[in-house]
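Undergrad: So that we are looking at the same thing, I have put the structure below in structure tokens.
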Amino acid sequence: MDRFRMIFQYFQSNSESVMNGICGLLALASVKMYTCLDFSCPCLPQYNRAYGLGIMFVPPVILFLCSLILNRQSLVMLDEWRRPQGHRKKDLAVVRYMFSSIMQRAMVAPVVWIIVTLLDGKCLICAFSGSMDPEKFVGFANITPVQLEQLLAKVPCKDDELMRNNTSHKAVSRYLRCWSQALGWSILLILIVAAFLARWLRPCFNQDTLLQARHWSNYIDIEQKIFEETCCEHSRLFAHKCILHFFESMRQEIKLHSFNLPRQGEGDEGEEDLLQGITDQHQVNKLLKTWYYEKPPLDVS
Amino acid sequence: MDKFRMIFQFFQSNQESFMNGICGIMALASTQMYSAFDFNCPCLPHYNMAYGLGILLVPPFILFLLGFVLNNNISMLAEEWRRPHGQRGKDPAVLRYMFCSMAQRAMIAPVVWVSVTLLDGKCITCAFCTSVPVETLGNASHPLLSQGEIQRVLARIPCKEIYNGQELIANEVAVRYLRCISQALGWCFVLLMTTLAFLVRSLRPCFSQAAFLKSRYWSHYIDIERKLFDETCAEHARSFAKVCIQQFFEGMSTDLVAAHCHQPRKASEDMGEASKKLLGITDQGTMNMALKSWHRCKPPLHLHPPVLPSGNGWAGEGQPPVHPSAPRRETAAYYSLV
């Protein structure tokens with residue numbers, strides 16, 4: 001149990017693995033979103049391409065922005081980039097390292113969306129069925145160009161009355177889907193080769209600069225967290241002292257106004273300390289009213 | 001130290017099982033990908049073979065490279081390969097061992113994909129439907145069909161709903177034939193891979209077992225050393241940050257005392273730990289200034305040595321620490337006289 005707690009703490013303290021986890025979750029979310037999406041091609045000549053390409057490119061932009069928003073490190077990077085120099089020199093290599101690691105992680109979910117879209121094929125069929133060359137396929141001869149355009153636009157809609165008995169639309173669908181899947185696999189191949197080369201070749205160039213940049217970017221992140229924790233701890237103590245002072249001043253005020261002699265009970269001193277001298281309904285009401293109408297100043301010196 | 005030891009033991013005991021787990025997950029992912037993938041043969045003469053063989057061979061290559069990319073040891077291997085000699089020699093046997101073990105694990109998912117694809121049969125049916133022996137299986141003497149036409153008709157074999165060559169060759173016959181060949185290839189491939197794996201495992205101890213044990217030990221060592229170094233740096237950064245922030249707050253409160261000419265507060269016995277933890281910041285204005293200063297003027301990455309208690313018992317503990325350059329200045333003056 002203790003070991004698991006230590007491991008959990010280790011993973012939490014390592015912000016890189018937290019970011020990898022978020023990145024993986026967003027990629028899974030993007031696949032899930034695509035499967036839940038009810039793709040519905042308009043099957044009209046002017047709208048098909050806009051709809052198809054829109055579904056292919058707009059959600060990736062949204063996913064990219066979501067990744068940037070969810071990634072805490074982007075704020076840390078911006079802060080480091082824009083801060084005044086002060087007593088601490090700025091190292092742009094650290095900012096560049098942070099930027100490239102943020103970008104790499106943010107690109108994963110959009111790329112997953114685009115690849116899943118291409119491998120599925122519906123978007124490309126919807127977007128480009130109207131641009132097919134009818135001579136490649138039988139069943140599109142002897143019709144006017146306007147009718148041809150409409151017929152091609154209806155290819156993605158299998159349930160349309162025109163398409164139900166038409167076998168040539170299946171040939172067009174297959175052709176476009178084949179190209180879409182080929183494009184999807186090619187993009188995936190190129191990206192994986194690029195990732196492989198990047199991982200393999202990175203230690204060959206400036207490994208020591210990279211180690212330094214990585215260490216200091218980690219340091220900046222830890223420092224920001226510890227600063228926030230210190231401020232939280234400080235504000236808790238500050239508030240405690242402030243409230244104690246307030247109760248003390250209330251007690252003194254009550255003593256002054258009501259001429260109550262302090263009780264000399266011996267066994268009750270511990271509890272009396274906790275009660276801070278406020279011992280009846282009227283005093284409590286006065287204290288609460290003062291707390292609302294006249295909060296004490298932020299000064300415990 | 002105890003924390004380090006526990007984490008070290010955890011990683012040492014589970015490194016191999018962790019990598020094996022990733023490998024198993026990727027194999028499962030490859031079967032899942034195959035069943036989720038909507039295989040869609042184009043049923044056109046020249047496209048069929050490209051599509052079929054593409055689906056058979058490109059995803060395994062992607063999975064193989066992905067196996068390397070996901071393996072953290074690849075950057076460790078590249079680092080070890082490219083590092084300067086320094087005071088530690090390099091052993092090429094260790095590098096070879098690391099590469100071989102990564103490559104073996106990366107091969108599993110592609111092999112699973114190829115096996116599943118061949119056993120399923122759709123790829124081979126799509127790729128080789130135009131090469132079906134029509135003379136033996138069908139009616140080769142069908143009149144009025146040019147070679148190109150025959151190719152076009154045969155290319156539609158995988159697409160049952162648009163197939164129009166029933167007189168040439170029955171669709172069912174062609175599909176069964178191709179699928180049978182595909183499954184035979186699939187089983188032979190699985191048998192070959194399993195035999196290879198068996199031979200590699202059983203014959204390895206016969207050749208240079210001692211050298212193998214040595215390489216395996218030192219490759220584990222390099223991996224653990226790198227992880228421990230990263231953890232130590234993270235611990236160090238944490239401690240560095242804590243001290244830096246503490247000195248920042250102390251510096252702020254000292255500056256304010258000097259600027260407002262307040263008398264430094266004497267440390268009285270009833271102040272309590274809470275007051276000390278307030279780090280000398282006791283009002284809103286001071287806190288605001290601390291926060292503003294944190295953004296505008298971050299402290300340098302240079303920790304002052306801790307303040308030593310003064311021997312004369314003077315109550316003014318609020319003195320700033322002795323600046324480290326002061327003794328150096330004295331030393332420099334001494335040397336310049338010589």
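The chains in the structure tokens are called A, B, ... from first to last as shown; in each chain the residues are counted from 1, and the ligands are counted from 1 in the order shown.
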Which residues are near Phe140 of chain A? Cut-off 9 Å, only C-alpha atoms, ignore same chain within fewer than 3 positions. Put them as a list of chain:residue names.
TA: A:Pro134, A:Glu135, A:Phe137, A:Ile143, A:Leu148, A:Leu151, A:Leu152, A:Ser168
Undergrad: If we count only C-alpha atoms and set the cut-off at 9 Å, which residues sit around segment 212-221 of chain B, ignoring sequence neighbours fewer than 6 positions away in its own chain? Please answer as a list in words.
TA: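 Once the nearby chain positions are removed, what remains is Gln12, Gln15, Asp91, Ala93, Val94, Leu95, Arg96, Tyr97, Met98, Arg204 and Pro205 of chain B.
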Undergrad: When you get a sec, could you note down which chain A residues fall within 8 Å of chain B, using only C-alpha atoms, as an MDAnalysis selection string?
TA: chainID A and resid 3 6:7 83:89 119:120 167 171 174:175 177:178 182 185 188:189 192:193 195:196 199:204 215 218:219 222:223 226:227 234 237:238 298:301
Undergrad: Return the single residue from A:Met250, A:Lys90, A:Val146, A:His240 that is closest to Lys289 of chain A, with distances computed using only C-alpha atoms.
TA: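 Ranked by minimum distance to Lys289 of chain A, first place goes to A:Met250.
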Undergrad: Measuring between only C-alpha atoms, which one of A:Ile243, A:Arg96, A:Pro297, A:Cys231 shows the shortest distance to Ala290 of chain B?
TA: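 Closest to Ala290 of chain B of all the choices is A:Cys231.
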Undergrad: Given the choices B:Ile169, B:Val153, B:Asp255, B:Arg105, which gets closest to Phe18 of chain B if the distance is worked out from only C-alpha atoms?
TA: B:Arg105
Undergrad: At what distance in Å, to one decimal, does atom CA of Ser180 of chain A lie from atom CA of Ala27 of chain B?
TA: 25.2 Å
Undergrad: Identify, on the basis of only C-alpha atoms, every residue whose closest approach to segment 53-70 of chain A does not exceed 10 Å; exclude the query and any residue fewer than 6 positions from it along the same chain; express the result as a ChimeraX atom specification.
TA: /A:19,22-23,26-27,29-30,33-34,37,39,102-103,105-118,122-124,126-128
Undergrad: If you run DSSP on the backbone here, which positions in segment 50-246 of chain A get alpha helix (DSSP H)? Please write them as a VMD selection string.
TA: chain A and resid 50 to 70 72 to 82 92 to 120 122 to 128 145 to 153 161 to 164 168 to 201 207 to 246
Undergrad: Atom CA of Lys160 of chain B and atom CA of Gln32 of chain B are how many Å apart?
TA: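 Straight-line distance from atom CA of Lys160 of chain B to atom CA of Gln32 of chain B works out to 25.4 Å.
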